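Q: The structure under discussion is supplied below as structure tokens; questions concerning it will follow.
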Amino acid sequence: MLRVESVRVRYGRRVAVDGVSLDVGGDDARVTALLGPSGCGKSTLLRAIAGLEPLAAGRVTFDGTDLRSVPTHRRRFGVVFQDGQLFGHRDVAGNIAYGLARQGWPRAAAAARVEELLELVGLPGEGRRAVTRLSGGQQQRVALARALAPRPRLLLLDEPLSALDRQLRDRLAGDLGRILREEGIPALIVTHDHDEAVELADAVAVMDGGRIAQVDTPARLWRRPRTARIAEFLGYSSVVAARVERGQATSLLGPVLVNAPDGQFHLGLRPGSVVIQSRGVRAVVRHSVPTADGVRIRVRIESGTVGGPTGVGTVGGPTGVGTVGGPIEVDALGDTAPADGETVCVALDPRRIALIG
Ligand code: ADP
Ligand code: MG
């Protein structure tokens, strides 16, 4: 198991990774996704784990062994970067065999392993092709095969699919998940794609400003983000205050069932969290926008008709929540667009809200 303990990495005086602790490869986190805004230190952390950046503090161990004096090529970690970084002068098979030759695999065994990997990544019989002739998706498959070939004890993937278009990315994400499970290699994968994180990972670590803000299963992370900032990063664009009593959270948007003890909380809302139905809290339609999932309807709620709301807020820019006491506007998702100015009834979908805290 990889254990990152209080690791700090600096570039000169700038601290890029600031006291990060994280385990990868335990029974409950074979694959961990690392999620976080651009510049928060994800790549730096990966490079430090790989031995490509020196640690200013803390340590990285694998199965209890401190890796401080173990150089990158002896760590037995496979690394895949965003742009593959293939060797242009070698063909596909030559790229995949690279690590095998370094490890002194006998020629026949290496050739067999290359064939096995070509099969695994969906490029059977393509060994003799020039990598410069491959599409972006094929290049990333070769990069993955090259990293997997020497049977690494850990795979580090830095946004391996982000340079690809949407359709290809979805397909490759599915393949990558299958390959990681089949090969049984623990992995830490940096991504900025939430769907990818949920699809691939047993655990998701949210990083922010050089620190780990939360580590949880995908389901729990999206249900219970620890702070409003994490909730915002996960796509909850509005926050409302709520009082929980006997499993029911009451806010300006009415009552909704939650799994939480009695007390004051905030609820994180995304468009799908608010539904338009025949009964509920009255809201006035501001405007509607068609989306791939239905119609996104901006509604304004003057005051909740149920319970005793204690205040509401919307996420105020990138730095957190600004609480305001007055009416709020939230996005609801519907099948058809009501007329602007029409009064509708809204309610919260308990499966699509976050309880913050
Ligand atoms: P992420 O991968 O999350 O986008 P990075 O790890 O690449 O973030 O960068 C973290 C911070 O460190 C950023 O502020 C970035 O500008 C800085 N940084 C990254 N690489 C270097 C470098 N080689 N020299 C100096 N600063 C760097
Ligand atoms: Mg990066």
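Here, A, B, ... name the chains of the structure tokens in the order displayed, residue numbers run from 1 inside each chain, and ligands are numbered from 1 in the same displayed order.
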Can you tell me which residues surround Val215 of chain A at a distance of at most 9 Å, considering only C-alpha atoms, apart from same-chain residues fewer than 6 positions away, and format the answer as a list in words?
A: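 Counting only the stated atoms, we get Leu22, Ala203, Val204, Ala205, Val206, Met207 and Leu221 of chain A.
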Q: With only C-alpha atoms and all ligand atoms counted, collect every polymer residue having an atom within 10 Å of ligand 1; state the result as a count of residues only.
A: 34
Q: Excluding His266 of chain A and residues on its chain fewer than 3 positions from it, collect all residues at most 6 Å away from it, counting only C-alpha atoms, and give them as a PyMOL selection string.
A: chain A and resi 240-242+356
Q: Could the residues in this selection be written to a file with N, CA, C and O atoms, as a PDB file, in the first residue's frame?
A:
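Saved to selection21.pdb:
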ATOM      1  N   VAL A 240     -28.420  26.379   0.754  1.00  0.00           N
ATOM      2  CA  VAL A 240     -29.469  26.954   1.603  1.00  0.00           C
ATOM      3  C   VAL A 240     -29.324  26.395   3.014  1.00  0.00           C
ATOM      4  O   VAL A 240     -28.919  25.250   3.207  1.00  0.00           O
ATOM      5  N   ALA A 241     -29.662  27.220   3.976  1.00  0.00           N
ATOM      6  CA  ALA A 241     -29.625  26.771   5.373  1.00  0.00           C
ATOM      7  C   ALA A 241     -30.833  25.881   5.635  1.00  0.00           C
ATOM      8  O   ALA A 241     -31.911  26.078   5.058  1.00  0.00           O
ATOM      9  N   ALA A 242     -30.642  24.897   6.495  1.00  0.00           N
ATOM     10  CA  ALA A 242     -31.741  23.983   6.808  1.00  0.00           C
ATOM     11  C   ALA A 242     -31.643  23.542   8.265  1.00  0.00           C
ATOM     12  O   ALA A 242     -30.557  23.508   8.846  1.00  0.00           O
ATOM     13  N   ILE A 356     -24.295  19.428   3.836  1.00  0.00           N
ATOM     14  CA  ILE A 356     -22.930  19.919   4.036  1.00  0.00           C
ATOM     15  C   ILE A 356     -22.582  19.933   5.519  1.00  0.00           C
ATOM     16  O   ILE A 356     -23.347  20.423   6.337  1.00  0.00           O
TER      17      ILE A 356
END
Q: Quick one: everything within 7 Å of segment 57-61 of chain A, counting only C-alpha atoms, minus sequence neighbours fewer than 2 positions away in the same chain. Send it as a PyMOL selection string.
A: chain A and resi 2-8+49+55+63-67
Q: Would you mind exporting N, CA, C and O atoms of the selected residues as a PDB file, in the first residue's frame?
A:
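New file part_7.pdb:
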ATOM      1  N   LEU A   2       0.447   2.224  -0.771  1.00  0.00           N
ATOM      2  CA  LEU A   2       1.155   3.508  -0.782  1.00  0.00           C
ATOM      3  C   LEU A   2       0.661   4.338   0.395  1.00  0.00           C
ATOM      4  O   LEU A   2      -0.541   4.443   0.646  1.00  0.00           O
ATOM      5  N   ARG A   3       1.607   4.921   1.108  1.00  0.00           N
ATOM      6  CA  ARG A   3       1.215   5.800   2.203  1.00  0.00           C
ATOM      7  C   ARG A   3       1.963   7.123   2.058  1.00  0.00           C
ATOM      8  O   ARG A   3       3.204   7.148   2.046  1.00  0.00           O
ATOM      9  N   VAL A   4       1.205   8.171   1.900  1.00  0.00           N
ATOM     10  CA  VAL A   4       1.765   9.520   1.805  1.00  0.00           C
ATOM     11  C   VAL A   4       1.528  10.164   3.167  1.00  0.00           C
ATOM     12  O   VAL A   4       0.398  10.211   3.645  1.00  0.00           O
ATOM     13  N   GLU A   5       2.605  10.613   3.807  1.00  0.00           N
ATOM     14  CA  GLU A   5       2.474  11.132   5.168  1.00  0.00           C
ATOM     15  C   GLU A   5       2.997  12.556   5.272  1.00  0.00           C
ATOM     16  O   GLU A   5       4.188  12.802   5.096  1.00  0.00           O
ATOM     17  N   SER A   6       2.107  13.482   5.517  1.00  0.00           N
ATOM     18  CA  SER A   6       2.454  14.888   5.772  1.00  0.00           C
ATOM     19  C   SER A   6       3.443  15.444   4.757  1.00  0.00           C
ATOM     20  O   SER A   6       4.401  16.130   5.110  1.00  0.00           O
ATOM     21  N   VAL A   7       3.205  15.121   3.500  1.00  0.00           N
ATOM     22  CA  VAL A   7       4.157  15.507   2.456  1.00  0.00           C
ATOM     23  C   VAL A   7       4.000  16.978   2.072  1.00  0.00           C
ATOM     24  O   VAL A   7       2.891  17.481   1.896  1.00  0.00           O
ATOM     25  N   ARG A   8       5.132  17.628   1.957  1.00  0.00           N
ATOM     26  CA  ARG A   8       5.170  19.014   1.496  1.00  0.00           C
ATOM     27  C   ARG A   8       6.147  19.110   0.340  1.00  0.00           C
ATOM     28  O   ARG A   8       7.225  18.507   0.375  1.00  0.00           O
ATOM     29  N   ILE A  49       5.206  11.547  -5.531  1.00  0.00           N
ATOM     30  CA  ILE A  49       5.045  10.120  -5.242  1.00  0.00           C
ATOM     31  C   ILE A  49       5.930   9.286  -6.171  1.00  0.00           C
ATOM     32  O   ILE A  49       6.533   8.300  -5.769  1.00  0.00           O
ATOM     33  N   LEU A  55      10.914  15.929  -1.663  1.00  0.00           N
ATOM     34  CA  LEU A  55      10.005  16.307  -0.591  1.00  0.00           C
ATOM     35  C   LEU A  55      10.683  17.343   0.296  1.00  0.00           C
ATOM     36  O   LEU A  55      11.832  17.181   0.681  1.00  0.00           O
ATOM     37  N   ASP A  63       4.326  -0.282   1.221  1.00  0.00           N
ATOM     38  CA  ASP A  63       4.377  -1.484   2.067  1.00  0.00           C
ATOM     39  C   ASP A  63       5.375  -1.310   3.210  1.00  0.00           C
ATOM     40  O   ASP A  63       6.150  -2.220   3.531  1.00  0.00           O
ATOM     41  N   GLY A  64       5.377  -0.124   3.767  1.00  0.00           N
ATOM     42  CA  GLY A  64       6.184   0.133   4.952  1.00  0.00           C
ATOM     43  C   GLY A  64       7.603   0.606   4.684  1.00  0.00           C
ATOM     44  O   GLY A  64       8.305   1.022   5.602  1.00  0.00           O
ATOM     45  N   THR A  65       8.042   0.545   3.428  1.00  0.00           N
ATOM     46  CA  THR A  65       9.412   0.962   3.109  1.00  0.00           C
ATOM     47  C   THR A  65       9.447   2.434   2.689  1.00  0.00           C
ATOM     48  O   THR A  65       8.720   2.845   1.784  1.00  0.00           O
ATOM     49  N   ASP A  66      10.302   3.202   3.349  1.00  0.00           N
ATOM     50  CA  ASP A  66      10.464   4.617   2.997  1.00  0.00           C
ATOM     51  C   ASP A  66      11.157   4.714   1.642  1.00  0.00           C
ATOM     52  O   ASP A  66      12.191   4.086   1.418  1.00  0.00           O
ATOM     53  N   LEU A  67      10.573   5.499   0.730  1.00  0.00           N
ATOM     54  CA  LEU A  67      11.100   5.570  -0.633  1.00  0.00           C
ATOM     55  C   LEU A  67      12.092   6.722  -0.831  1.00  0.00           C
ATOM     56  O   LEU A  67      12.511   6.982  -1.960  1.00  0.00           O
TER      57      LEU A  67
END
Q: Leaving out Val295 of chain A and any residue of its chain fewer than 2 positions from it, which residues lie within 12 Å of it when counting only C-alpha atoms, given as a PyMOL selection string?
A: chain A and resi 271-272+274-276+287-293+297-298+331-338
Q: How would you write, as a ChimeraX atom specification, the set of residues in segment 159-268 of chain A that DSSP gives as strand (DSSP E or B)?
A: /A:187-190,203-208,211-216,238-245,248-251,254-257,263-268
